[in-house]
$ cat my_file.txt   # compact mmCIF, C-alpha atoms
# COMPACT_ATOMS: atom_id res chain seq x y z
CA MET W 252 36.72 115.24 117.23
CA ASP W 253 39.72 117.09 118.67
CA LYS W 254 42.43 114.51 118.09
CA LYS W 255 44.22 114.22 114.77
CA TYR W 256 44.65 110.56 113.91
CA LYS W 257 47.15 109.16 111.43
CA TYR W 258 46.85 105.39 111.95
CA ILE W 259 43.42 103.75 111.62
CA LEU W 260 42.74 100.12 112.55
CA PHE W 261 39.54 98.59 111.18
CA ASP W 262 37.52 95.63 112.33
CA LEU W 263 36.16 93.50 109.48
CA ASP W 264 32.73 91.98 110.24
CA GLY W 265 30.15 94.71 110.78
CA THR W 266 32.55 97.52 109.92
CA LEU W 267 34.11 96.96 106.52
CA THR W 268 31.59 94.29 105.50
CA ASP W 269 28.10 93.02 106.29
CA SER W 270 28.98 89.41 107.05
CA SER W 271 25.77 88.42 108.82
CA GLU W 272 24.47 86.01 106.18
CA GLY W 273 27.60 83.86 106.04
CA ILE W 274 28.19 83.76 109.80
CA VAL W 275 24.58 82.94 110.67
CA ASN W 276 24.40 80.26 107.97
CA CYS W 277 27.58 78.64 109.24
CA VAL W 278 26.47 78.70 112.89
CA ARG W 279 23.26 76.94 111.80
CA TYR W 280 25.32 74.45 109.78
CA ALA W 281 27.51 73.61 112.79
CA LEU W 282 24.58 73.19 115.18
CA GLU W 283 22.59 71.09 112.72
CA LYS W 284 25.58 68.81 112.16
CA MET W 285 26.00 68.47 115.93
CA ARG W 286 22.24 67.85 116.29
CA GLU W 287 21.92 70.75 118.69
CA PRO W 288 18.99 73.19 118.94
CA ILE W 289 19.32 76.37 116.92
CA PRO W 290 18.80 79.66 118.79
CA ASP W 291 16.51 82.35 117.44
CA GLU W 292 17.71 84.92 114.92
CA ASN W 293 18.62 87.61 117.46
CA ILE W 294 20.96 85.26 119.29
CA LEU W 295 22.48 84.00 116.05
CA ARG W 296 23.38 87.60 115.16
CA ASP W 297 25.20 87.93 118.48
CA PHE W 298 27.80 85.51 117.08
CA ILE W 299 29.01 88.33 114.82
CA GLY W 300 32.00 90.17 116.23
CA GLY W 301 33.05 88.02 119.18
CA LEU W 302 35.26 84.97 119.38
CA LEU W 303 33.36 81.97 118.05
CA THR W 304 34.50 79.66 120.84
CA ASP W 305 33.21 82.08 123.46
CA SER W 306 29.94 82.58 121.57
CA PHE W 307 29.19 78.85 121.32
CA MET W 308 29.86 78.54 125.05
CA LYS W 309 27.76 81.58 125.96
CA TYR W 310 24.78 81.14 123.65
CA CYS W 311 24.63 77.34 123.28
CA GLY W 312 25.78 76.24 126.74
CA PHE W 313 28.74 74.29 125.33
CA ASP W 314 31.84 73.44 127.30
CA GLU W 315 35.18 74.36 125.75
CA ILE W 316 35.65 71.01 123.98
CA GLN W 317 32.16 71.19 122.41
CA ALA W 318 32.71 74.81 121.44
CA ARG W 319 35.99 74.08 119.69
CA ARG W 320 34.36 71.23 117.77
CA ALA W 321 31.56 73.59 116.75
CA VAL W 322 34.11 76.13 115.48
CA THR W 323 35.83 73.43 113.43
CA ILE W 324 32.51 72.44 111.84
CA PHE W 325 31.58 76.12 111.34
CA ARG W 326 34.75 76.62 109.32
CA GLU W 327 34.04 73.58 107.13
CA ARG W 328 31.36 75.69 105.50
CA TYR W 329 32.70 79.17 106.18
CA GLU W 330 36.03 78.78 104.39
CA PRO W 331 34.71 77.69 100.96
CA ILE W 332 31.28 79.35 101.05
CA GLY W 333 30.37 81.47 104.06
CA LYS W 334 33.15 84.04 103.88
CA PHE W 335 31.78 85.22 100.54
CA GLU W 336 28.13 85.33 101.73
CA ASN W 337 29.10 88.86 102.51
CA ALA W 338 29.06 92.39 101.09
CA ALA W 339 31.08 95.55 101.50
CA ALA W 340 29.49 98.02 103.88
CA PRO W 341 28.02 100.80 101.71
CA GLY W 342 30.59 103.51 101.09
CA MET W 343 33.41 101.86 103.02
CA PRO W 344 35.70 100.84 100.11
CA GLU W 345 35.47 104.41 98.85
CA LEU W 346 36.12 105.89 102.30
CA CYS W 347 39.15 103.68 102.87
CA ALA W 348 40.54 104.70 99.48
CA LYS W 349 39.98 108.38 100.31
CA LEU W 350 41.67 108.06 103.70
CA ASN W 351 44.60 106.28 102.10
CA GLN W 352 44.93 108.95 99.40
CA ASN W 353 44.98 111.66 102.08
CA GLY W 354 47.92 110.17 103.94
CA TYR W 355 46.22 108.09 106.61
CA ILE W 356 47.76 104.67 107.25
CA LEU W 357 45.13 101.93 107.44
CA ALA W 358 45.30 98.37 108.72
CA LEU W 359 42.88 95.55 109.40
CA ALA W 360 42.66 94.24 112.96
CA SER W 361 40.23 91.30 113.01
CA SER W 362 40.01 88.24 115.25
CA LYS W 363 38.99 86.21 112.19
CA PRO W 364 41.80 83.91 110.94
CA GLU W 365 44.12 85.99 108.81
CA HIS W 366 44.08 83.57 105.90
CA MET W 367 40.31 84.14 105.69
CA CYS W 368 40.57 87.93 106.05
CA ARG W 369 42.84 88.32 103.05
CA PRO W 370 40.50 86.98 100.31
CA ILE W 371 37.56 88.89 101.81
CA CYS W 372 39.50 92.17 101.73
CA GLU W 373 40.61 91.41 98.19
CA LYS W 374 37.14 90.51 96.90
CA PHE W 375 35.44 93.58 98.33
CA GLY W 376 38.08 96.11 97.31
CA PHE W 377 39.81 96.93 100.60
CA THR W 378 43.26 95.44 100.02
CA PRO W 379 44.75 98.38 98.06
CA SER W 380 43.94 100.75 100.95
CA LEU W 381 45.33 98.59 103.76
CA ARG W 382 48.98 98.73 104.77
CA GLU W 383 48.56 95.55 106.83
CA ILE W 384 45.91 92.83 107.07
CA THR W 385 46.07 91.37 110.57
CA GLY W 386 44.03 88.44 111.87
CA SER W 387 44.40 85.42 114.09
CA PRO W 388 47.01 82.73 113.31
CA PRO W 389 45.56 79.56 111.74
CA ASP W 390 45.84 77.54 114.95
CA GLN W 391 44.64 80.18 117.45
CA ASP W 392 41.70 82.49 118.09
CA TRP W 393 43.20 85.80 119.17
CA ASN W 394 41.16 88.26 121.15
CA LYS W 395 40.94 91.88 120.06
CA ILE W 396 43.78 92.98 122.32
CA GLN W 397 46.17 90.50 120.72
CA VAL W 398 45.09 91.46 117.20
CA ILE W 399 45.47 95.20 117.85
CA GLN W 400 48.91 94.68 119.39
CA GLU W 401 50.03 92.66 116.37
CA ALA W 402 48.65 95.22 113.90
CA MET W 403 50.51 97.99 115.73
CA ARG W 404 53.71 95.92 115.76
CA ARG W 405 53.50 95.36 112.01
CA LEU W 406 52.98 99.08 111.45
CA GLY W 407 56.03 99.81 113.59
CA LEU W 408 54.07 101.88 116.11
CA ASN W 409 55.32 102.70 119.60
CA ARG W 410 53.87 104.28 122.74
CA GLN W 411 54.18 107.77 121.30
CA ASP W 412 51.99 106.76 118.35
CA LYS W 413 49.02 105.68 120.48
CA ASN W 414 47.53 109.18 120.60
CA ARG W 415 47.51 109.20 116.79
CA THR W 416 46.01 105.72 116.42
CA ILE W 417 42.34 104.76 116.56
CA MET W 418 40.38 101.51 116.33
CA ILE W 419 37.10 101.39 114.42
CA GLY W 420 34.68 98.55 115.12
CA ASP W 421 31.07 97.60 115.67
CA ARG W 422 31.07 95.67 118.95
CA LYS W 423 32.11 96.22 122.55
CA TYR W 424 35.03 93.84 121.98
CA ASP W 425 36.59 96.42 119.66
CA VAL W 426 36.08 99.26 122.13
CA GLU W 427 37.32 97.30 125.14
CA GLY W 428 40.28 95.84 123.25
CA ALA W 429 41.29 99.29 122.03
CA ARG W 430 41.06 100.73 125.53
CA GLU W 431 43.27 97.96 126.94
CA CYS W 432 45.83 98.88 124.27
CA GLY W 433 45.63 102.58 125.13
CA LEU W 434 43.64 103.56 122.02
CA ASP W 435 40.39 105.37 121.38
CA CYS W 436 37.68 103.56 119.43
CA ILE W 437 34.95 104.85 117.13
CA GLY W 438 31.92 102.59 117.07
CA THR W 439 30.20 101.69 113.80
CA ASP W 440 26.50 100.97 114.15
CA PHE W 441 25.96 100.21 110.47
CA PHE W 442 24.06 96.93 110.81
CA HIS W 443 22.95 96.87 114.48
CA TYR W 444 24.74 93.59 115.23
CA GLY W 445 25.13 94.41 118.93
CA PRO W 446 22.42 95.31 121.46
CA PRO W 447 21.29 98.97 121.68
CA GLY W 448 23.69 101.12 123.70
CA GLU W 449 26.51 98.56 123.71
CA LEU W 450 29.08 100.81 122.04
CA GLU W 451 28.26 103.82 124.20
CA GLN W 452 28.42 101.76 127.39
CA ALA W 453 31.76 100.29 126.37
CA GLY W 454 33.20 103.78 125.95
CA ALA W 455 33.34 104.50 122.22
CA VAL W 456 34.48 108.10 121.67
CA ALA W 457 31.97 108.51 118.81
CA ILE W 458 29.36 106.47 116.95
CA ALA W 459 28.99 106.44 113.15
CA HIS W 460 25.77 105.12 111.61
CA ASP W 461 27.07 105.04 108.04
CA ALA W 462 30.24 105.66 106.06
CA LYS W 463 29.45 109.35 105.51
CA GLU W 464 29.18 109.95 109.27
CA LEU W 465 32.46 108.12 109.81
CA GLU W 466 34.11 110.27 107.14
CA LYS W 467 32.99 113.45 108.91
CA ILE W 468 34.36 112.16 112.22
CA LEU W 469 37.75 111.24 110.78
CA LEU W 470 38.46 113.87 108.15
CA PRO W 471 38.89 117.62 108.60
CA PRO W 472 36.09 119.67 106.99
CA ASP W 473 38.16 120.70 103.97
CA LEU W 474 38.57 117.05 102.91
CA TYR W 475 34.97 115.77 102.97
$ encode --input "my_file.txt" --output "structure tokens"
Amino acid sequence: MDKKYKYILFDLDGTLTDSSEGIVNCVRYALEKMREPIPDENILRDFIGGLLTDSFMKYCGFDEIQARRAVTIFRERYEPIGKFENAAAPGMPELCAKLNQNGYILALASSKPEHMCRPICEKFGFTPSLREITGSPPDQDWNKIQVIQEAMRRLGLNRQDKNRTIMIGDRKYDVEGARECGLDCIGTDFFHYGPPGELEQAGAVAIAHDAKELEKILLPPDLY
């Protein structure tokens, strides 16, 4: 990759961690409690990465009021249990530490509520490498554009820094949000959460299939 990046924004679910178990379990929990039919496994995995309200509307046919109720019920289980039905993506804590040690400035940019992001990053070893941990406020569900803008604000970045800043995420929402903010995005296809070709079609500048590939994309040859 020709550009030299200094600031790296990471998505959480599907990029730093494999969160599929907790998210799928909590979607099932919400739908069972609402006595609604449960979609098949492929559709349940599509809940990973997007805004939950939008996903309940899209995949379950809910109106906005039903979807917001489903999110509230989802979080009844997710906050105490589901957020830790999770695991670090193989090699990612080590890669983040290496990037940090080599002068890159890292931040989290996740649409998940920030108060949930923090204990996840702490448990799986990412917190020491992250300058900022940015997520949605407790009473709002921010889209990726809003989260990226807030992460950049906290890092003190301006227009001139955009060419040195990149987003890394696993779904089209990351790529599209980055583009709207004037940033490139590297796609991470670690766990195949999204449909085949989604990241390429959205305009990701590169695709990494594991942490080692991502390292080779980001770091100059003398550092990996």
$ closest_residue --input "my_file.txt" --among "W:Gln397, W:Ile299, W:Leu450, W:Gly312" --to "W:Glu431" --atoms "only C-alpha atoms"
W:Gln397
$ closest_residue --input "my_file.txt" --among "W:Gly445, W:Phe377, W:Ile356, W:Pro341" --to "W:Glu464" --atoms "all atoms listed in the file"
W:Pro341
$ closest_residue --input "my_file.txt" --among "W:Ile384, W:Ile417, W:Ala339, W:Ile399" --to "W:Phe441" --atoms "only C-alpha atoms"
W:Ala339
$ residues_near_point --input "my_file.txt" --point "(41.9, 86.5, 120.3)" --cutoff "10 Å" --atoms "only C-alpha atoms" --output "list of chain:residue names"
W:Gly301, W:Leu302, W:Leu303, W:Ser361, W:Ser362, W:Lys363, W:Pro364, W:Gly386, W:Ser387, W:Pro388, W:Gln391, W:Asp392, W:Trp393, W:Asn394, W:Lys395, W:Ile396, W:Gln397, W:Val398, W:Ile399, W:Gly428
$ closest_atom_pairs --input "my_file.txt" --of "stretch 275-366 of chain W" --to "stretch 255-258 of chain W" --cutoff "10 Å" --atoms "only C-alpha atoms" --output "Markdown table"
| residue | atom | partner | partner_atom | distance |
| --- | --- | --- | --- | --- |
| W:Leu350 | CA | W:Lys257 | CA | 9.5 |
| W:Asn353 | CA | W:Lys257 | CA | 9.9 |
| W:Gly354 | CA | W:Lys257 | CA | 7.6 |
| W:Tyr355 | CA | W:Lys257 | CA | 5.0 |
| W:Ile356 | CA | W:Tyr258 | CA | 4.8 |
| W:Leu357 | CA | W:Tyr258 | CA | 5.9 |
| W:Ala358 | CA | W:Tyr258 | CA | 7.9 |
$ residues_around --input "my_file.txt" --residues "W:Tyr310" --least-positions-apart "4" --cutoff "12 Å" --atoms "only C-alpha atoms" --output "list in words"
Val278, Leu282, Glu287, Pro288, Ile289, Pro290, Asp291, Glu292, Asn293, Ile294, Leu295, Arg296, Asp297, Phe298, Gly301, Leu302, Leu303, Thr304, Asp305, Ser306, Asp314 and Ala318 of chain W
$ atom_distance --input "my_file.txt" --atom1 "atom CA of W:Ile437" --atom2 "atom CA of W:Leu465"
8.4 Å
$ atom_distance --input "my_file.txt" --atom1 "atom CA of W:Asp440" --atom2 "atom CA of W:Leu267"
11.5 Å
$ closest_residue --input "my_file.txt" --among "W:Asp461, W:Glu451, W:Glu427, W:Asp421" --to "W:Leu263" --atoms "only C-alpha atoms"
W:Asp421
$ atom_distance --input "my_file.txt" --atom1 "atom CA of W:Gln411" --atom2 "atom CA of W:Arg430"
15.5 Å
$ closest_residue --input "my_file.txt" --among "W:Glu315, W:Glu365, W:Glu449, W:Glu401" --to "W:Lys423" --atoms "only C-alpha atoms"
W:Glu449
$ closest_residue --input "my_file.txt" --among "W:Ile259, W:His366, W:Met308, W:Pro389" --to "W:Met403" --atoms "all atoms listed in the file"
W:Ile259
$ axis_aligned_box --input "my_file.txt" --around "stretch 315-318 of chain W" --padding-each-side "5 Å" --output "JSON"
{"center_x": 33.9, "center_y": 72.9, "center_z": 123.6, "size_x": 13.5, "size_y": 13.8, "size_z": 14.3}
$ residues_around --input "my_file.txt" --residues "W:Asn337" --least-positions-apart "5" --cutoff "12 Å" --atoms "only C-alpha atoms" --output "PyMOL selection string"
chain W and resi 263-276+329+332+370-372+374-375
$ residues_around --input "my_file.txt" --residues "stretch 466-471 of chain W" --least-positions-apart "3" --cutoff "12 Å" --atoms "only C-alpha atoms" --output "MDAnalysis selection string"
chainID W and resid 252:259 342:355 415:419 436:439 456:463 474:475
$ build_atoms --input "my_file.txt" --residues "stretch 363-388 of chain W" --atoms "N, CA and C atoms" --output "compact mmCIF listing (two decimals), in the frame of the given file"
# COMPACT_ATOMS: atom_id res chain seq x y z
N LYS W 363 39.18 87.28 113.17
CA LYS W 363 38.99 86.21 112.19
C LYS W 363 40.37 85.70 111.74
N PRO W 364 40.50 84.40 111.43
CA PRO W 364 41.80 83.91 110.94
C PRO W 364 42.30 84.73 109.76
N GLU W 365 43.57 85.07 109.81
CA GLU W 365 44.12 85.99 108.81
C GLU W 365 44.00 85.45 107.39
N HIS W 366 44.15 84.12 107.24
CA HIS W 366 44.08 83.57 105.90
C HIS W 366 42.67 83.66 105.31
N MET W 367 41.66 83.88 106.17
CA MET W 367 40.31 84.14 105.69
C MET W 367 40.08 85.62 105.43
N CYS W 368 40.72 86.48 106.23
CA CYS W 368 40.57 87.93 106.05
C CYS W 368 41.08 88.38 104.69
N ARG W 369 42.19 87.82 104.26
CA ARG W 369 42.84 88.32 103.05
C ARG W 369 41.96 88.21 101.80
N PRO W 370 41.35 87.04 101.51
CA PRO W 370 40.50 86.98 100.31
C PRO W 370 39.25 87.83 100.42
N ILE W 371 38.73 88.03 101.63
CA ILE W 371 37.56 88.89 101.81
C ILE W 371 37.93 90.33 101.48
N CYS W 372 39.05 90.80 102.02
CA CYS W 372 39.50 92.17 101.73
C CYS W 372 39.77 92.35 100.25
N GLU W 373 40.32 91.33 99.62
CA GLU W 373 40.61 91.41 98.19
C GLU W 373 39.32 91.47 97.38
N LYS W 374 38.38 90.59 97.69
CA LYS W 374 37.14 90.51 96.90
C LYS W 374 36.34 91.80 96.97
N PHE W 375 36.30 92.42 98.15
CA PHE W 375 35.44 93.58 98.33
C PHE W 375 36.17 94.92 98.21
N GLY W 376 37.40 94.89 97.72
CA GLY W 376 38.08 96.11 97.31
C GLY W 376 38.83 96.87 98.38
N PHE W 377 39.12 96.23 99.52
CA PHE W 377 39.81 96.93 100.60
C PHE W 377 41.33 96.79 100.56
N THR W 378 41.83 95.74 99.96
CA THR W 378 43.26 95.44 100.02
C THR W 378 44.15 96.60 99.56
N PRO W 379 43.86 97.30 98.47
CA PRO W 379 44.75 98.38 98.06
C PRO W 379 44.90 99.51 99.08
N SER W 380 43.91 99.65 99.97
CA SER W 380 43.94 100.75 100.95
C SER W 380 44.60 100.36 102.26
N LEU W 381 44.85 99.07 102.47
CA LEU W 381 45.33 98.59 103.76
C LEU W 381 46.83 98.34 103.73
N ARG W 382 47.54 98.97 104.65
CA ARG W 382 48.98 98.73 104.77
C ARG W 382 49.24 97.32 105.30
N GLU W 383 48.43 96.88 106.24
CA GLU W 383 48.56 95.55 106.83
C GLU W 383 47.18 94.92 106.97
N ILE W 384 47.12 93.60 106.81
CA ILE W 384 45.91 92.83 107.07
C ILE W 384 46.24 91.85 108.20
N THR W 385 45.72 92.12 109.37
CA THR W 385 46.07 91.37 110.57
C THR W 385 44.87 90.59 111.09
N GLY W 386 45.05 89.29 111.28
CA GLY W 386 44.03 88.44 111.87
C GLY W 386 44.68 87.41 112.76
N SER W 387 43.88 86.47 113.22
CA SER W 387 44.40 85.42 114.09
C SER W 387 45.26 84.44 113.30
N PRO W 388 46.25 83.81 113.96
CA PRO W 388 47.01 82.73 113.31
C PRO W 388 46.07 81.56 113.02
